[in-house]
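**Student:** Dropping in upload-v5.csv, which is CSV, C-alpha atoms:
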chain,number,residue,atom,x,y,z
A,199,MET,CA,-12.0,11.9,31.5
A,200,ASN,CA,-8.8,10.3,30.3
A,201,TYR,CA,-10.7,7.0,30.0
A,202,PHE,CA,-13.3,8.7,27.8
A,203,ILE,CA,-10.6,10.2,25.6
A,204,ASN,CA,-8.9,6.8,25.2
A,205,LEU,CA,-12.2,5.3,24.1
A,206,LEU,CA,-12.3,7.8,21.3
A,207,SER,CA,-8.8,7.0,20.1
A,208,LEU,CA,-7.8,5.3,16.8
A,209,ASN,CA,-4.6,3.4,17.2
A,210,HIS,CA,-3.8,5.6,20.2
A,211,THR,CA,-4.3,8.8,18.1
A,212,LYS,CA,-6.9,11.1,19.7
A,213,ILE,CA,-9.7,12.3,17.6
A,214,SER,CA,-10.4,16.1,17.5
A,215,LEU,CA,-13.7,17.5,18.7
A,216,THR,CA,-14.2,18.8,15.1
A,217,VAL,CA,-14.2,15.2,13.8
A,218,ILE,CA,-16.5,14.1,16.5
A,219,LEU,CA,-18.9,16.9,15.7
A,220,PHE,CA,-18.7,16.1,11.9
A,221,LEU,CA,-19.6,12.5,12.6
A,222,PHE,CA,-22.4,13.5,14.9
A,223,VAL,CA,-24.0,15.7,12.3
A,224,ALA,CA,-23.4,13.2,9.4
A,225,CYS,CA,-25.0,10.4,11.4
A,226,LEU,CA,-27.9,12.5,12.6
A,227,LEU,CA,-28.7,13.4,8.9
A,228,ALA,CA,-28.1,9.8,7.8
A,229,ALA,CA,-30.6,8.4,10.3
A,230,ALA,CA,-33.2,10.9,9.5
A,231,VAL,CA,-33.0,10.1,5.8
A,232,ASP,CA,-32.8,6.3,6.5
A,233,SER,CA,-35.9,6.3,8.7
A,234,ILE,CA,-37.9,7.9,5.9
A,235,ALA,CA,-36.8,6.0,2.8
A,236,GLY,CA,-33.6,4.0,3.5
A,237,GLY,CA,-30.2,4.7,2.1
A,238,GLY,CA,-28.7,6.5,5.2
A,239,GLY,CA,-25.6,4.4,4.9
A,240,LEU,CA,-24.7,6.5,1.8
A,241,ILE,CA,-24.1,9.4,4.2
A,242,SER,CA,-22.8,7.7,7.4
A,243,LEU,CA,-20.4,5.1,6.1
A,244,PRO,CA,-18.4,7.5,3.9
A,245,ALA,CA,-18.2,9.9,6.9
A,246,PHE,CA,-16.6,7.2,9.0
A,247,ILE,CA,-14.1,6.4,6.3
A,248,LEU,CA,-13.4,10.1,5.6
A,249,CYS,CA,-12.3,10.5,9.2
A,250,GLY,CA,-9.6,7.9,8.8
A,251,ILE,CA,-11.3,4.9,10.3
A,252,PRO,CA,-10.3,1.6,8.5
A,253,SER,CA,-13.1,0.3,6.2
A,254,HIS,CA,-13.8,-2.9,8.1
A,255,ILE,CA,-14.0,-1.0,11.4
A,256,ALA,CA,-16.1,1.7,9.8
A,257,LEU,CA,-18.6,-1.0,8.6
A,258,GLY,CA,-18.8,-2.5,12.2
A,259,THR,CA,-19.1,0.9,13.9
A,260,ASN,CA,-21.6,2.1,11.4
A,261,LYS,CA,-23.7,-1.0,11.9
A,262,PHE,CA,-23.6,-0.4,15.7
A,263,SER,CA,-24.8,3.2,15.3
A,264,SER,CA,-27.4,2.5,12.6
A,265,THR,CA,-28.9,-0.4,14.6
A,266,SER,CA,-29.6,2.1,17.4
A,267,GLY,CA,-31.3,4.5,15.0
A,268,THR,CA,-33.3,1.7,13.3
A,269,THR,CA,-34.5,0.5,16.7
A,270,VAL,CA,-36.0,3.9,17.5
A,271,SER,CA,-37.5,4.2,14.0
A,272,SER,CA,-39.0,0.7,14.2
A,273,PHE,CA,-40.6,1.4,17.6
A,274,THR,CA,-42.1,4.7,16.4
A,275,TYR,CA,-43.6,3.1,13.3
A,276,TYR,CA,-45.0,0.3,15.5
A,277,LYS,CA,-46.4,2.7,18.1
A,278,ASN,CA,-48.2,4.5,15.3
A,279,GLY,CA,-49.8,1.3,13.8
A,280,LYS,CA,-47.6,1.1,10.7
A,281,VAL,CA,-46.2,-2.4,11.4
A,282,THR,CA,-48.1,-5.6,10.4
A,283,LEU,CA,-47.1,-8.1,13.0
A,284,LYS,CA,-49.3,-10.9,11.6
A,285,LEU,CA,-47.1,-10.7,8.5
A,286,LEU,CA,-43.7,-10.1,10.1
A,287,LYS,CA,-43.9,-13.1,12.4
A,288,TYR,CA,-43.4,-15.2,9.3
A,289,LEU,CA,-40.7,-13.1,7.7
A,290,ILE,CA,-38.4,-12.2,10.7
A,291,PRO,CA,-36.8,-15.7,11.0
A,292,PHE,CA,-35.9,-15.8,7.3
A,293,SER,CA,-34.3,-12.3,7.5
A,294,PHE,CA,-32.2,-13.5,10.5
A,295,ILE,CA,-31.1,-16.7,8.7
A,296,GLY,CA,-30.3,-14.8,5.5
A,297,ALA,CA,-28.3,-12.2,7.3
A,298,ALA,CA,-26.2,-14.8,9.2
A,299,LEU,CA,-25.5,-16.7,6.0
A,300,GLY,CA,-24.6,-13.4,4.2
A,301,VAL,CA,-22.0,-12.4,6.8
A,302,TYR,CA,-20.4,-15.9,6.7
A,303,THR,CA,-20.2,-16.0,2.9
A,304,VAL,CA,-19.0,-12.5,2.3
A,305,LEU,CA,-15.4,-13.6,1.6
A,306,LYS,CA,-16.4,-16.4,-0.7
A,307,ILE,CA,-18.3,-14.6,-3.4
A,308,ASP,CA,-17.0,-12.3,-6.1
A,309,GLN,CA,-18.7,-9.0,-5.0
A,310,ASN,CA,-18.1,-7.4,-8.4
A,311,ILE,CA,-20.6,-9.7,-9.9
A,312,ILE,CA,-23.1,-9.0,-7.2
A,313,LYS,CA,-22.5,-5.2,-7.5
A,314,VAL,CA,-23.4,-5.3,-11.2
A,315,ILE,CA,-26.6,-7.2,-10.6
A,316,VAL,CA,-27.7,-5.0,-7.7
A,317,LEU,CA,-26.9,-1.8,-9.7
A,318,PHE,CA,-29.3,-2.8,-12.4
A,319,LEU,CA,-32.0,-3.9,-9.9
A,320,ILE,CA,-31.9,-0.7,-7.9
A,321,LEU,CA,-31.9,1.5,-11.0
A,322,PHE,CA,-35.0,-0.4,-12.1
A,323,VAL,CA,-36.6,0.2,-8.6
A,324,GLY,CA,-35.8,3.9,-8.7
A,325,ILE,CA,-36.9,4.5,-12.4
A,326,TYR,CA,-40.0,2.4,-12.1
A,327,SER,CA,-41.1,4.2,-8.9
A,328,LEU,CA,-40.4,7.6,-10.6
A,329,PHE,CA,-42.7,6.9,-13.6
A,330,SER,CA,-45.3,4.9,-11.7
A,331,LYS,CA,-47.6,7.7,-10.4
A,332,LYS,CA,-49.9,5.5,-8.3
A,333,LEU,CA,-47.2,3.2,-6.8
A,334,GLY,CA,-47.3,3.3,-3.0
A,335,ILE,CA,-49.7,6.3,-2.8
A,336,GLU,CA,-52.6,4.3,-1.4
A,337,ASP,CA,-52.6,1.5,1.1
A,338,ASN,CA,-54.2,-1.5,-0.7
A,339,PHE,CA,-53.3,-4.2,1.7
A,340,LYS,CA,-56.1,-6.9,1.4
A,341,GLY,CA,-54.8,-9.5,3.9
A,342,LEU,CA,-52.5,-12.5,3.6
A,343,ASN,CA,-52.6,-15.7,1.7
A,344,LYS,CA,-50.1,-18.6,1.2
A,345,LYS,CA,-48.6,-17.1,-2.0
A,346,SER,CA,-48.0,-13.7,-0.5
A,347,ILE,CA,-46.5,-15.2,2.7
A,348,LEU,CA,-44.2,-17.4,0.7
A,349,CYS,CA,-43.1,-14.4,-1.5
A,350,GLY,CA,-42.5,-12.4,1.7
A,351,MET,CA,-40.4,-15.2,3.2
A,352,LEU,CA,-38.3,-15.3,0.0
A,353,LEU,CA,-37.9,-11.5,0.1
A,354,ALA,CA,-36.9,-11.5,3.7
A,355,PHE,CA,-34.3,-14.3,3.2
A,356,CYS,CA,-32.8,-12.8,0.1
A,357,LEU,CA,-32.5,-9.3,1.4
A,358,GLY,CA,-31.4,-10.5,4.8
A,359,PHE,CA,-28.6,-12.4,3.0
A,360,TYR,CA,-27.8,-9.3,0.9
A,361,ASP,CA,-27.7,-7.0,3.9
A,362,GLY,CA,-25.4,-9.4,5.7
A,363,PHE,CA,-22.6,-9.3,3.2
A,364,PHE,CA,-23.1,-6.2,1.1
A,365,GLY,CA,-25.9,-3.9,2.1
A,366,PRO,CA,-26.4,-0.7,0.0
A,367,GLY,CA,-30.1,-0.4,-1.1
A,368,THR,CA,-31.5,-3.0,1.3
A,369,GLY,CA,-34.1,-0.6,2.7
A,370,SER,CA,-35.1,0.5,-0.8
A,371,PHE,CA,-35.6,-3.0,-2.0
A,372,LEU,CA,-37.6,-3.9,1.1
A,373,ILE,CA,-39.9,-1.0,0.7
A,374,PHE,CA,-40.4,-1.7,-3.0
A,375,GLY,CA,-41.0,-5.4,-2.2
A,376,PHE,CA,-43.7,-4.7,0.5
A,377,ILE,CA,-45.5,-2.3,-1.9
A,378,LYS,CA,-45.5,-4.7,-4.9
A,379,ILE,CA,-46.3,-7.9,-2.9
A,380,TYR,CA,-48.8,-6.6,-0.3
A,381,GLY,CA,-50.1,-3.3,-1.8
A,382,PHE,CA,-48.8,-1.2,1.1
A,383,ASP,CA,-48.4,2.5,0.7
A,384,TYR,CA,-44.9,4.0,1.3
A,385,ILE,CA,-45.5,4.7,5.0
A,386,ASN,CA,-46.7,1.2,5.9
A,387,ALA,CA,-44.0,-0.3,3.6
A,388,SER,CA,-41.3,1.8,5.4
A,389,GLY,CA,-42.6,0.7,8.9
A,390,ASN,CA,-42.5,-3.0,8.0
A,391,SER,CA,-39.2,-2.8,6.2
A,392,LYS,CA,-37.6,-1.2,9.3
A,393,ILE,CA,-38.4,-4.3,11.4
A,394,LEU,CA,-36.8,-6.6,8.9
A,395,ASN,CA,-33.9,-4.2,8.5
A,396,LEU,CA,-33.5,-4.2,12.2
A,397,THR,CA,-33.4,-8.0,12.3
A,398,SER,CA,-30.5,-8.2,9.8
A,399,ASN,CA,-28.7,-5.3,11.4
A,400,ILE,CA,-28.7,-6.9,14.8
A,401,THR,CA,-27.5,-10.2,13.3
A,402,ALA,CA,-24.6,-8.5,11.5
A,403,LEU,CA,-23.8,-6.4,14.5
A,404,ILE,CA,-23.4,-9.4,16.8
A,405,LEU,CA,-21.0,-11.0,14.3
A,406,PHE,CA,-19.0,-7.7,13.9
A,407,ALA,CA,-18.8,-7.4,17.7
A,408,ILE,CA,-17.6,-11.0,18.1
A,409,HIS,CA,-14.8,-10.3,15.7
A,410,GLY,CA,-13.8,-7.0,17.4
A,411,GLN,CA,-14.7,-4.8,14.4
A,412,ILE,CA,-16.4,-1.9,16.3
A,413,TYR,CA,-15.0,1.2,17.9
A,414,PHE,CA,-17.5,1.5,20.8
A,415,GLY,CA,-16.3,4.9,22.0
A,416,ILE,CA,-17.1,6.6,18.7
A,417,GLY,CA,-20.1,4.3,18.2
A,418,ILE,CA,-21.8,5.5,21.4
A,419,ILE,CA,-21.6,9.1,20.2
A,420,THR,CA,-22.8,8.4,16.6
A,421,ALA,CA,-25.5,6.0,17.9
A,422,THR,CA,-26.8,8.9,20.0
A,423,ALA,CA,-26.9,11.1,16.9
A,424,MET,CA,-28.7,8.4,14.9
A,425,ILE,CA,-31.3,7.9,17.7
A,426,ILE,CA,-32.1,11.6,17.5
A,427,GLY,CA,-32.1,11.6,13.7
A,428,ALA,CA,-34.3,8.5,13.4
A,429,ASN,CA,-36.8,10.0,15.8
A,430,LEU,CA,-37.0,13.2,13.8
A,431,GLY,CA,-37.1,11.5,10.4
A,432,THR,CA,-39.8,9.0,11.4
A,433,ARG,CA,-42.1,11.6,13.0
A,434,LEU,CA,-41.7,13.8,9.8
A,435,ALA,CA,-42.6,10.8,7.6
A,436,LEU,CA,-45.7,10.0,9.7
A,437,LYS,CA,-46.7,13.6,9.6
A,438,LYS,CA,-46.2,14.4,5.9
A,439,GLY,CA,-47.1,10.9,4.5
A,440,THR,CA,-46.3,9.6,1.1
A,441,LYS,CA,-45.9,13.1,-0.4
A,442,LEU,CA,-42.6,13.3,1.5
A,443,VAL,CA,-41.6,9.6,1.5
A,444,LYS,CA,-41.9,8.8,-2.3
A,445,PRO,CA,-39.6,11.6,-3.6
A,446,ILE,CA,-37.0,10.8,-1.0
A,447,PHE,CA,-37.3,7.1,-1.7
A,448,ILE,CA,-36.7,7.7,-5.4
A,449,SER,CA,-33.8,10.1,-4.7
A,450,MET,CA,-32.1,7.7,-2.4
A,451,SER,CA,-32.6,4.7,-4.7
A,452,LEU,CA,-31.0,6.6,-7.6
A,453,CYS,CA,-28.2,7.9,-5.3
A,454,VAL,CA,-27.3,4.4,-4.2
A,455,ALA,CA,-27.2,3.4,-7.9
A,456,LEU,CA,-24.9,6.3,-8.8
A,457,LYS,CA,-22.7,5.5,-5.8
A,458,MET,CA,-22.4,1.9,-6.9
A,459,LEU,CA,-21.8,2.9,-10.6
A,460,TYR,CA,-19.0,5.2,-9.5
A,461,GLY,CA,-17.5,2.5,-7.3
A,462,LEU,CA,-17.5,0.0,-10.2
A,463,PHE,CA,-15.6,2.3,-12.6
A,464,PHE,CA,-13.4,4.3,-10.2
Could you express the structure from this file as structure tokens?
**Tutor:**
Amino acid sequence: MNYFINLLSLNHTKISLTVILFLFVACLLAAAVDSIAGGGGLISLPAFILCGIPSHIALGTNKFSSTSGTTVSSFTYYKNGKVTLKLLKYLIPFSFIGAALGVYTVLKIDQNIIKVIVLFLILFVGIYSLFSKKLGIEDNFKGLNKKSILCGMLLAFCLGFYDGFFGPGTGSFLIFGFIKIYGFDYINASGNSKILNLTSNITALILFAIHGQIYFGIGIITATAMIIGANLGTRLALKKGTKLVKPIFISMSLCVALKMLYGLFF
């Protein structure tokens, strides 16, 4: 029991059961939302920081927890036939390479410039999706050709890189990219995006772990919450379809933009 309590300590300060319960609920909700439309980090990461966890440790621990949830969500989408393996076999290596390069270059790039660019891009994604009535409603995937595969590789590399060193909005960009390039509906786009998101998450997670930036005691508890949340969210998305996914996708895209806008000015 003492060993378990020590695992939950921050700088030898024990965390109360109230804080543990708060993190559990926050991460469960984050994973449910993320499995449907992305953007769960808007809920989970601030929750870690609010509980007094240093930001770099919060990033690593959140990545550990979210990877668990994304794994469950990816498997559920795959089991229900919402993952296109003949496409992803081309894209996964580029997502991996991009994420690795993103983590290694995080300290060499002025993130303020990147934040401004991403802010406008994600605002565009959210507003465009809001006013485009037919976007992602029907699955119009017609197969693969050289052009679509190359566009997908570029998408996977760029968003893998982005997820490796910054991250907010990655899921939204991936979903939007799969819809625009391949004609998927929101459900199939979410399923395929989860696989690429999982690839970049695992890559970043390994590097965070190597550099000792994870509190595994807390991470195990929050990972359990995210596994439960991801399972619930994915099943709900598969049951309700695009009528549920599209409004949540638009809401989370705009929330990410507002969060980034707030961060830039305050």
**Student:** Interatomic distance between atom CA of A:Ile419 and atom CA of A:His254?
**Tutor:**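 Here the two named atoms are 18.7 Å from each other.
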**Student:** Which is closer to A:Ser449 than all the others in A:Ser370, A:Thr269, A:Asn278, A:Ser233, using only C-alpha atoms?
**Tutor:**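 Closest candidate: A:Ser370.
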**Student:** Tell me, in Å to one decimal, how far atom CA of A:Gly367 is from atom CA of A:Leu321.
**Tutor:**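 We find that atom CA of A:Gly367 and atom CA of A:Leu321 lie 10.2 Å from each other.
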**Student:** From the set A:Ile325, A:Ile416, A:Met458, A:Leu333, which residue has the shortest atom-to-atom contact distance to A:Ser214, counting all atoms listed in the file?
**Tutor:**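 Smallest distance to A:Ser214 is found for A:Ile416.
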**Student:** Ranking A:Ala224, A:Ala428, A:Val281, A:Ile234 by minimum distance to A:Met450 and counting all atoms listed in the file, which one comes first?
**Tutor:**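 For A:Met450, the nearest of the candidates is A:Ile234.
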**Student:** May I ask for the distance between atom CA of A:Phe371 and atom CA of A:Phe273, given in Å to one decimal place?
**Tutor:**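 Separation between atom CA of A:Phe371 and atom CA of A:Phe273: 20.7 Å.
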**Student:** Please list, as a list in words, the residues that have an atom at most 10 Å away from (-27.8, 1.0, 4.9) in the coordinates of this file, counting all atoms listed in the file.
**Tutor:**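 Protein, DNA and RNA residues close to (-27.8, 1.0, 4.9): Ala228, Ala229, Asp232, Gly236, Gly237, Gly238, Gly239, Leu240, Ile241, Ser242, Leu243, Asn260, Lys261, Ser264, Thr265, Asp361, Phe364, Gly365, Pro366, Gly367, Thr368, Gly369, Ser370, Asn395, Asn399 and Val454 of chain A.
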**Student:** Which one of A:Phe463, A:Phe246, A:Phe292, A:Phe222 sits closest to A:Gly350 if you count all atoms listed in the file?
**Tutor:**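 Under the stated criterion, the closest residue is A:Phe292.
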